[in-house]
Amino acid sequence: MATIHIDRLLETVVKKNISDLHISVGRPPSVRMDGRLRSLETKVLEPDDTVSLMKSITPERNQQEIQEEGGTDFGFAFGDQARFRVSVFKQKGNISMVLRLIPFKLLSFEDIGLPKICKALCRRPRGLFLVTGPTGSGKTTTLATMIDYINTNFDRHIVTIEDPIEYYHVHKKSIINQREIGNDVPSFSEALRRVLRMDPDVILVGELRDLETMEAAITAAETGHLVFGTLHTTGCQGTVNRIIDQFPTNQQEQIRVQLSVSLIAVLSQALCPRVGKGRVAAYEFMVVTPAIANLIRENKTYRIDSSIQTGKKFGMQLLDEHLWKLFADGVISAEEAVDKARNPGEMQDKIDSHMRHQQLMDQEVKKDADETVLRTT
């Protein structure tokens with residue numbers, strides 16, 4: 001019964017292109033669709049239901065981990081239709097699960113609206129390219145797109161270190177080896193320690209979780225590798241500060257110098273529901289120019305935002321500028337623009353004055369129309 005059940009649920013998720021499936025005791029299975037949660041019209045789940053659903057998809061090793069640690073993460077393929085990243089955890093003594101859909105189809109730069117300059121940055125022989133943003137903002141998809149672009153167009157050796165592996169890549173023009181934490185290697189820092197002996201050109205680090213991993217990624221970028229990594233930070237300025245703050249005070253000076261040399265770009269993103277249907281990513285993008293490298297080196301990161309504003313010719317933009325454009329073009333709602341803005345107060349003021357201006361314009365048009373009608377009658 002449980003297996004049929006989980007297969008039916010997963011079928012629905014794949015067919016309707018739902019991003020997440022939530023399984024929790026005390027309510028029916030729920031899905032996140034276009035960024036919003038809604039319940040499926042099935043029975044309310046009992047403790048036995050969630051246990052049997054979990055057992056039908058969770059490998060033995062991970063079931064052991066749930067017993068010992070109270071939770072586990074893994075990925076699995078659902079036939080040839082899609083992959084899922086699964087987080088199983090205990091709450092109030094019961095089993096809960098969240099399954100994230102990872103489509104098999106890799107998207108192009110155009111599909112996800114990435115800044116064009118990203119293609120040029122993917123050709124770089126070395127440097128650190130960070131993709132940041134809150135959980136569920138599409139970082140994995142963005143990285144998969146860039147890795148696929150390199151894999152398709154250049155002869156490189158790409159090594160990815162992920163927990164768990166999300167998008168599966170096949171060898172194209174490049175050789176691509178994907179290592180999974182827990183399955184192929186015990187930790188990110190251990191994987192990074194060994195990766196430099198594998199003659200890599202491009203290294204993808206799923207998450208820069210701790211100091212050791214961060215240090216190793218910066219060193220790899222300095223020693224002539226193109227390194228991609230993710231952080232759960234918002235904004236480019238915040239990302240640079242976050243990295244520096246991770247280090248002890250006596251090392252911060254040295255890290256600033258290393259970062260100013262090795263960092264090539266930061267792409268910070270937020271995922272917004274579109275007006276109508278679907279979702280769209282809003283980006284903040286910083287390319288490390290000599291001017292920005294100086295700001296990092298001299299501990300003047302508070303001036304990064306204004307450098308991004310003046311760096312439009314390099315494809316740079318602030319998140320709030322992009323959100324405003326999406327709102328003005330009618331792609332996202334006013335509420336969404338304010339919710340996702342780094343400076344919500346300013347965004348609200350801008351939207352209010354835009355609305356007032358719009359109303360005045362409408363009144364003018366109506367007045368003109370009324371006068372025309374009067375003249376003709």
# chains A, B, ... in the order shown; residues from 1 in each chain; ligands from 1
>>> residues_around(residues="segment 106-108 of chain A", least_positions_apart="3", cutoff="12 Å", atoms="only C-alpha atoms", output="ChimeraX atom specification")
/A:82,102-103,111-116,118-119,138,140-152,166-170
>>> residues_around(residues="Gln63 of chain A", least_positions_apart="2", cutoff="12 Å", atoms="only C-alpha atoms", output="list in words")
Val51, Ser52, Met54, Lys55, Ser56, Ile57, Thr58, Pro59, Glu60, Arg61, Glu65, Ile66, Gln67, Glu68, Glu69, Gly70, Gly71, Thr72, Asp73, Phe74, Ser87, Val88, Phe89, Lys90 and Ile95 of chain A
>>> write_last_selection(atoms="N, CA, C and O atoms", output="mmCIF file, in the first residue's frame")
data_model
loop_
_atom_site.group_PDB
_atom_site.id
_atom_site.type_symbol
_atom_site.label_atom_id
_atom_site.label_comp_id
_atom_site.auth_asym_id
_atom_site.auth_seq_id
_atom_site.Cartn_x
_atom_site.Cartn_y
_atom_site.Cartn_z
ATOM 1 N N VAL A 51 5.850 6.401 8.619
ATOM 2 C CA VAL A 51 6.935 5.415 8.768
ATOM 3 C C VAL A 51 7.012 4.524 7.526
ATOM 4 O O VAL A 51 8.080 4.306 6.961
ATOM 5 N N SER A 52 5.842 4.019 7.057
ATOM 6 C CA SER A 52 5.899 3.114 5.898
ATOM 7 C C SER A 52 6.290 3.874 4.624
ATOM 8 O O SER A 52 6.997 3.328 3.767
ATOM 9 N N MET A 54 8.317 6.426 4.554
ATOM 10 C CA MET A 54 9.765 6.617 4.693
ATOM 11 C C MET A 54 10.519 5.334 4.323
ATOM 12 O O MET A 54 11.460 5.356 3.544
ATOM 13 N N LYS A 55 10.042 4.189 4.862
ATOM 14 C CA LYS A 55 10.749 2.923 4.626
ATOM 15 C C LYS A 55 10.731 2.524 3.151
ATOM 16 O O LYS A 55 11.629 1.843 2.665
ATOM 17 N N SER A 56 9.691 2.964 2.424
ATOM 18 C CA SER A 56 9.578 2.547 1.019
ATOM 19 C C SER A 56 10.633 3.221 0.125
ATOM 20 O O SER A 56 10.880 2.763 -0.982
ATOM 21 N N ILE A 57 11.257 4.303 0.596
ATOM 22 C CA ILE A 57 12.250 4.979 -0.276
ATOM 23 C C ILE A 57 13.627 5.173 0.360
ATOM 24 O O ILE A 57 14.577 5.527 -0.321
ATOM 25 N N THR A 58 13.734 4.917 1.687
ATOM 26 C CA THR A 58 14.989 5.247 2.382
ATOM 27 C C THR A 58 15.938 4.058 2.443
ATOM 28 O O THR A 58 15.567 2.992 2.937
ATOM 29 N N PRO A 59 17.194 4.240 1.953
ATOM 30 C CA PRO A 59 18.171 3.146 2.029
ATOM 31 C C PRO A 59 18.448 2.741 3.486
ATOM 32 O O PRO A 59 18.309 3.556 4.403
ATOM 33 N N GLU A 60 18.843 1.499 3.637
ATOM 34 C CA GLU A 60 19.140 0.906 4.947
ATOM 35 C C GLU A 60 20.064 1.810 5.781
ATOM 36 O O GLU A 60 19.804 2.102 6.946
ATOM 37 N N ARG A 61 21.148 2.243 5.137
ATOM 38 C CA ARG A 61 22.172 3.056 5.824
ATOM 39 C C ARG A 61 21.567 4.333 6.416
ATOM 40 O O ARG A 61 21.892 4.756 7.517
ATOM 41 N N GLU A 65 20.828 5.887 10.259
ATOM 42 C CA GLU A 65 21.191 7.254 10.668
ATOM 43 C C GLU A 65 20.019 7.952 11.372
ATOM 44 O O GLU A 65 20.205 8.704 12.328
ATOM 45 N N ILE A 66 18.786 7.686 10.914
ATOM 46 C CA ILE A 66 17.602 8.286 11.556
ATOM 47 C C ILE A 66 17.535 7.812 13.008
ATOM 48 O O ILE A 66 17.295 8.602 13.924
ATOM 49 N N GLN A 67 17.785 6.502 13.217
ATOM 50 C CA GLN A 67 17.756 5.943 14.572
ATOM 51 C C GLN A 67 18.800 6.617 15.465
ATOM 52 O O GLN A 67 18.544 6.960 16.609
ATOM 53 N N GLU A 68 20.006 6.810 14.899
ATOM 54 C CA GLU A 68 21.117 7.325 15.710
ATOM 55 C C GLU A 68 21.101 8.845 15.850
ATOM 56 O O GLU A 68 21.364 9.386 16.911
ATOM 57 N N GLU A 69 20.805 9.550 14.726
ATOM 58 C CA GLU A 69 20.951 11.017 14.722
ATOM 59 C C GLU A 69 19.612 11.761 14.718
ATOM 60 O O GLU A 69 19.585 12.981 14.845
ATOM 61 N N GLY A 70 18.518 11.040 14.460
ATOM 62 C CA GLY A 70 17.219 11.714 14.415
ATOM 63 C C GLY A 70 16.894 12.331 13.072
ATOM 64 O O GLY A 70 15.901 13.031 12.912
ATOM 65 N N GLY A 71 17.731 12.064 12.060
ATOM 66 C CA GLY A 71 17.456 12.616 10.722
ATOM 67 C C GLY A 71 18.488 12.152 9.714
ATOM 68 O O GLY A 71 19.545 11.636 10.078
ATOM 69 N N THR A 72 18.173 12.311 8.432
ATOM 70 C CA THR A 72 19.121 11.927 7.372
ATOM 71 C C THR A 72 18.746 12.639 6.072
ATOM 72 O O THR A 72 17.603 13.092 5.921
ATOM 73 N N ASP A 73 19.703 12.763 5.164
ATOM 74 C CA ASP A 73 19.464 13.336 3.825
ATOM 75 C C ASP A 73 19.997 12.367 2.788
ATOM 76 O O ASP A 73 21.057 11.780 2.988
ATOM 77 N N PHE A 74 19.285 12.227 1.687
ATOM 78 C CA PHE A 74 19.792 11.394 0.589
ATOM 79 C C PHE A 74 19.081 11.788 -0.700
ATOM 80 O O PHE A 74 18.118 12.551 -0.694
ATOM 81 N N SER A 87 14.866 14.865 2.722
ATOM 82 C CA SER A 87 15.280 15.125 4.099
ATOM 83 C C SER A 87 14.266 14.428 5.000
ATOM 84 O O SER A 87 13.070 14.723 4.944
ATOM 85 N N VAL A 88 14.750 13.455 5.781
ATOM 86 C CA VAL A 88 13.872 12.748 6.715
ATOM 87 C C VAL A 88 14.271 13.191 8.119
ATOM 88 O O VAL A 88 15.460 13.289 8.415
ATOM 89 N N PHE A 89 13.288 13.502 8.972
ATOM 90 C CA PHE A 89 13.634 13.941 10.325
ATOM 91 C C PHE A 89 12.533 13.533 11.297
ATOM 92 O O PHE A 89 11.399 13.271 10.908
ATOM 93 N N LYS A 90 12.891 13.492 12.579
ATOM 94 C CA LYS A 90 11.916 13.159 13.612
ATOM 95 C C LYS A 90 11.392 14.430 14.239
ATOM 96 O O LYS A 90 12.143 15.390 14.431
ATOM 97 N N ILE A 95 7.909 10.496 12.367
ATOM 98 C CA ILE A 95 8.738 10.700 11.173
ATOM 99 C C ILE A 95 8.091 11.726 10.248
ATOM 100 O O ILE A 95 6.896 11.659 9.970
#
>>> residues_around(residues="segment 315-317 of chain A", least_positions_apart="2", cutoff="8 Å", atoms="only C-alpha atoms", output="PDB file with C-alpha atoms, in the first residue's frame")
ATOM      1  CA  PRO A 115      23.419  37.499 -16.655  1.00  0.00           C
ATOM      2  CA  LYS A 116      25.185  37.009 -20.023  1.00  0.00           C
ATOM      3  CA  ILE A 117      28.624  37.701 -18.529  1.00  0.00           C
ATOM      4  CA  TYR A 283      19.499  38.369  -9.177  1.00  0.00           C
ATOM      5  CA  GLU A 284      22.090  40.544  -7.524  1.00  0.00           C
ATOM      6  CA  PHE A 285      25.337  40.222  -9.426  1.00  0.00           C
ATOM      7  CA  MET A 286      28.859  41.414  -8.683  1.00  0.00           C
ATOM      8  CA  VAL A 287      31.915  40.928 -10.869  1.00  0.00           C
ATOM      9  CA  ILE A 308      27.722  47.450  -8.176  1.00  0.00           C
ATOM     10  CA  GLN A 309      25.430  50.357  -9.102  1.00  0.00           C
ATOM     11  CA  GLY A 311      29.234  48.627 -12.728  1.00  0.00           C
ATOM     12  CA  LYS A 312      26.286  48.166 -15.102  1.00  0.00           C
ATOM     13  CA  LYS A 313      28.576  47.831 -18.128  1.00  0.00           C
ATOM     14  CA  LEU A 319      18.843  42.760  -6.104  1.00  0.00           C
ATOM     15  CA  GLU A 321      16.973  47.029  -8.933  1.00  0.00           C
ATOM     16  CA  HIS A 322      16.103  43.685 -10.490  1.00  0.00           C
TER      17      HIS A 322
END
>>> residues_around(residues="Val13 of chain A", least_positions_apart="2", cutoff="12 Å", atoms="only C-alpha atoms", output="number ranges by chain")
A: 6-11, 15-22, 29-33, 40, 78, 81-84, 99-103
>>> select_by_dssp(residues="segment 220-329 of chain A", states="strand (DSSP E)", output="list of chain:residue names")
A:Leu226, A:Val227, A:Phe228, A:Gly229, A:Thr230, A:Leu231, A:Leu263, A:Ile264, A:Ala265, A:Val266, A:Leu267, A:Ser268, A:Gln269, A:Ala270, A:Leu271, A:Cys272, A:Pro273, A:Arg279, A:Val280, A:Ala281, A:Ala282, A:Tyr283, A:Glu284, A:Phe285, A:Met286, A:Val287
>>> residues_around(residues="segment 212-220 of chain A", least_positions_apart="2", cutoff="7 Å", atoms="only C-alpha atoms", output="PyMOL selection string")
chain A and resi 128+188-189+192+208-210+222-225+227+262
>>> write_last_selection(atoms="N, CA, C and O atoms", output="mmCIF file, in the first residue's frame")
data_model
loop_
_atom_site.group_PDB
_atom_site.id
_atom_site.type_symbol
_atom_site.label_atom_id
_atom_site.label_comp_id
_atom_site.auth_asym_id
_atom_site.auth_seq_id
_atom_site.Cartn_x
_atom_site.Cartn_y
_atom_site.Cartn_z
ATOM 1 N N LEU A 128 37.213 32.008 -7.798
ATOM 2 C CA LEU A 128 36.113 31.527 -6.971
ATOM 3 C C LEU A 128 34.826 32.239 -7.384
ATOM 4 O O LEU A 128 34.766 33.465 -7.394
ATOM 5 N N PHE A 188 33.088 17.404 3.326
ATOM 6 C CA PHE A 188 33.504 18.388 2.326
ATOM 7 C C PHE A 188 35.003 18.682 2.446
ATOM 8 O O PHE A 188 35.717 18.734 1.451
ATOM 9 N N SER A 189 35.479 18.882 3.688
ATOM 10 C CA SER A 189 36.886 19.262 3.854
ATOM 11 C C SER A 189 37.816 18.127 3.401
ATOM 12 O O SER A 189 38.844 18.360 2.763
ATOM 13 N N LEU A 192 37.817 18.065 -0.419
ATOM 14 C CA LEU A 192 38.627 19.169 -0.962
ATOM 15 C C LEU A 192 40.114 18.910 -0.781
ATOM 16 O O LEU A 192 40.931 19.323 -1.591
ATOM 17 N N LEU A 208 29.732 25.739 1.279
ATOM 18 C CA LEU A 208 30.901 26.161 2.065
ATOM 19 C C LEU A 208 30.445 26.259 3.523
ATOM 20 O O LEU A 208 30.156 27.333 4.034
ATOM 21 N N ARG A 209 30.376 25.100 4.173
ATOM 22 C CA ARG A 209 29.722 25.020 5.484
ATOM 23 C C ARG A 209 30.555 25.573 6.625
ATOM 24 O O ARG A 209 30.047 26.161 7.552
ATOM 25 N N ASP A 210 31.862 25.267 6.591
ATOM 26 C CA ASP A 210 32.685 25.628 7.753
ATOM 27 C C ASP A 210 33.987 26.276 7.307
ATOM 28 O O ASP A 210 34.296 26.377 6.123
ATOM 29 N N GLU A 222 42.998 29.863 -5.721
ATOM 30 C CA GLU A 222 44.293 30.560 -5.877
ATOM 31 C C GLU A 222 45.299 29.732 -6.655
ATOM 32 O O GLU A 222 46.121 30.273 -7.377
ATOM 33 N N THR A 223 45.206 28.395 -6.482
ATOM 34 C CA THR A 223 46.225 27.536 -7.097
ATOM 35 C C THR A 223 45.878 27.125 -8.521
ATOM 36 O O THR A 223 46.384 26.127 -9.030
ATOM 37 N N GLY A 224 44.970 27.868 -9.159
ATOM 38 C CA GLY A 224 44.742 27.640 -10.585
ATOM 39 C C GLY A 224 43.579 26.743 -10.928
ATOM 40 O O GLY A 224 43.643 25.957 -11.877
ATOM 41 N N HIS A 225 42.494 26.789 -10.131
ATOM 42 C CA HIS A 225 41.287 26.028 -10.460
ATOM 43 C C HIS A 225 40.094 26.977 -10.451
ATOM 44 O O HIS A 225 40.093 27.964 -9.728
ATOM 45 N N VAL A 227 36.627 27.432 -9.126
ATOM 46 C CA VAL A 227 35.864 26.819 -8.038
ATOM 47 C C VAL A 227 34.495 27.487 -7.926
ATOM 48 O O VAL A 227 34.401 28.712 -7.849
ATOM 49 N N SER A 262 41.345 35.978 -5.394
ATOM 50 C CA SER A 262 40.740 34.748 -5.933
ATOM 51 C C SER A 262 39.268 34.884 -6.314
ATOM 52 O O SER A 262 38.793 34.202 -7.213
#
>>> select_by_dssp(residues="segment 130-374 of chain A", states="helix (DSSP H, G or I)", output="PyMOL selection string")
chain A and resi 139-153+188-198+211-222+236-246+249-262+290-297+301-309+312-314+319-328+334-340+344-374
>>> atom_distance(atom1="atom CA of Val25 of chain A", atom2="atom CA of Pro47 of chain A")
5.7 Å
>>> atom_distance(atom1="atom CA of Pro125 of chain A", atom2="atom CA of Ile244 of chain A")
24.1 Å
>>> atom_distance(atom1="atom CA of Ile255 of chain A", atom2="atom CA of Arg242 of chain A")
11.7 Å
>>> residues_around(residues="segment 288-297 of chain A", least_positions_apart="5", cutoff="8 Å", atoms="only C-alpha atoms", output="list in words")
Val240, Glu253, Arg256, Val257, Leu259, Ser260, Val261, Leu263, Ile264, Ala265, Arg303, Ile304 and Ser307 of chain A
>>> write_last_selection(atoms="N, CA, C and O atoms", output="PDB file, in the first residue's frame")
ATOM      1  N   VAL A 240      30.636  38.661   1.124  1.00  0.00           N
ATOM      2  CA  VAL A 240      32.064  38.940   1.358  1.00  0.00           C
ATOM      3  C   VAL A 240      32.307  39.082   2.867  1.00  0.00           C
ATOM      4  O   VAL A 240      33.246  38.490   3.415  1.00  0.00           O
ATOM      5  N   GLU A 253      42.948  39.840   7.930  1.00  0.00           N
ATOM      6  CA  GLU A 253      43.750  40.664   7.011  1.00  0.00           C
ATOM      7  C   GLU A 253      44.201  39.821   5.812  1.00  0.00           C
ATOM      8  O   GLU A 253      44.026  40.193   4.657  1.00  0.00           O
ATOM      9  N   ARG A 256      41.341  38.735   3.499  1.00  0.00           N
ATOM     10  CA  ARG A 256      40.922  39.836   2.612  1.00  0.00           C
ATOM     11  C   ARG A 256      41.796  39.882   1.368  1.00  0.00           C
ATOM     12  O   ARG A 256      41.304  40.019   0.260  1.00  0.00           O
ATOM     13  N   VAL A 257      43.093  39.750   1.592  1.00  0.00           N
ATOM     14  CA  VAL A 257      44.033  39.780   0.458  1.00  0.00           C
ATOM     15  C   VAL A 257      43.763  38.583  -0.463  1.00  0.00           C
ATOM     16  O   VAL A 257      43.645  38.738  -1.682  1.00  0.00           O
ATOM     17  N   LEU A 259      41.014  36.794  -0.794  1.00  0.00           N
ATOM     18  CA  LEU A 259      39.713  36.939  -1.456  1.00  0.00           C
ATOM     19  C   LEU A 259      39.790  37.936  -2.605  1.00  0.00           C
ATOM     20  O   LEU A 259      39.213  37.720  -3.666  1.00  0.00           O
ATOM     21  N   SER A 260      40.484  39.042  -2.373  1.00  0.00           N
ATOM     22  CA  SER A 260      40.555  40.091  -3.407  1.00  0.00           C
ATOM     23  C   SER A 260      41.229  39.553  -4.667  1.00  0.00           C
ATOM     24  O   SER A 260      40.958  40.007  -5.771  1.00  0.00           O
ATOM     25  N   VAL A 261      42.081  38.550  -4.499  1.00  0.00           N
ATOM     26  CA  VAL A 261      42.780  37.960  -5.652  1.00  0.00           C
ATOM     27  C   VAL A 261      41.966  36.826  -6.267  1.00  0.00           C
ATOM     28  O   VAL A 261      41.868  36.695  -7.481  1.00  0.00           O
ATOM     29  N   LEU A 263      38.508  35.781  -5.634  1.00  0.00           N
ATOM     30  CA  LEU A 263      37.073  35.888  -5.921  1.00  0.00           C
ATOM     31  C   LEU A 263      36.855  36.541  -7.288  1.00  0.00           C
ATOM     32  O   LEU A 263      37.412  37.603  -7.561  1.00  0.00           O
ATOM     33  N   ILE A 264      36.057  35.885  -8.160  1.00  0.00           N
ATOM     34  CA  ILE A 264      35.804  36.512  -9.471  1.00  0.00           C
ATOM     35  C   ILE A 264      34.389  37.054  -9.598  1.00  0.00           C
ATOM     36  O   ILE A 264      34.150  38.011 -10.320  1.00  0.00           O
ATOM     37  N   ALA A 265      33.422  36.439  -8.881  1.00  0.00           N
ATOM     38  CA  ALA A 265      32.041  36.931  -8.988  1.00  0.00           C
ATOM     39  C   ALA A 265      31.192  36.373  -7.854  1.00  0.00           C
ATOM     40  O   ALA A 265      31.476  35.298  -7.322  1.00  0.00           O
ATOM     41  N   ARG A 303      31.260  49.846   0.739  1.00  0.00           N
ATOM     42  CA  ARG A 303      31.127  50.611  -0.510  1.00  0.00           C
ATOM     43  C   ARG A 303      30.852  49.725  -1.729  1.00  0.00           C
ATOM     44  O   ARG A 303      30.764  50.203  -2.857  1.00  0.00           O
ATOM     45  N   ILE A 304      30.720  48.404  -1.472  1.00  0.00           N
ATOM     46  CA  ILE A 304      30.513  47.467  -2.593  1.00  0.00           C
ATOM     47  C   ILE A 304      29.202  47.766  -3.337  1.00  0.00           C
ATOM     48  O   ILE A 304      29.177  47.781  -4.566  1.00  0.00           O
ATOM     49  N   SER A 307      29.515  50.415  -5.825  1.00  0.00           N
ATOM     50  CA  SER A 307      30.333  49.967  -6.969  1.00  0.00           C
ATOM     51  C   SER A 307      29.516  49.089  -7.910  1.00  0.00           C
ATOM     52  O   SER A 307      29.711  49.113  -9.127  1.00  0.00           O
TER      53      SER A 307
END
>>> residues_around(residues="Gly276 of chain A", least_positions_apart="2", cutoff="9 Å", atoms="only C-alpha atoms", output="ChimeraX atom specification")
/A:273-274,278,331-332
>>> closest_residue(among="A:Lys366, A:His232, A:Lys350, A:Lys173", to="Val338 of chain A", atoms="only C-alpha atoms")
A:Lys350
>>> closest_residue(among="A:Asp34, A:Asp201, A:Asp49, A:Glu180", to="Arg124 of chain A", atoms="only C-alpha atoms")
A:Asp201
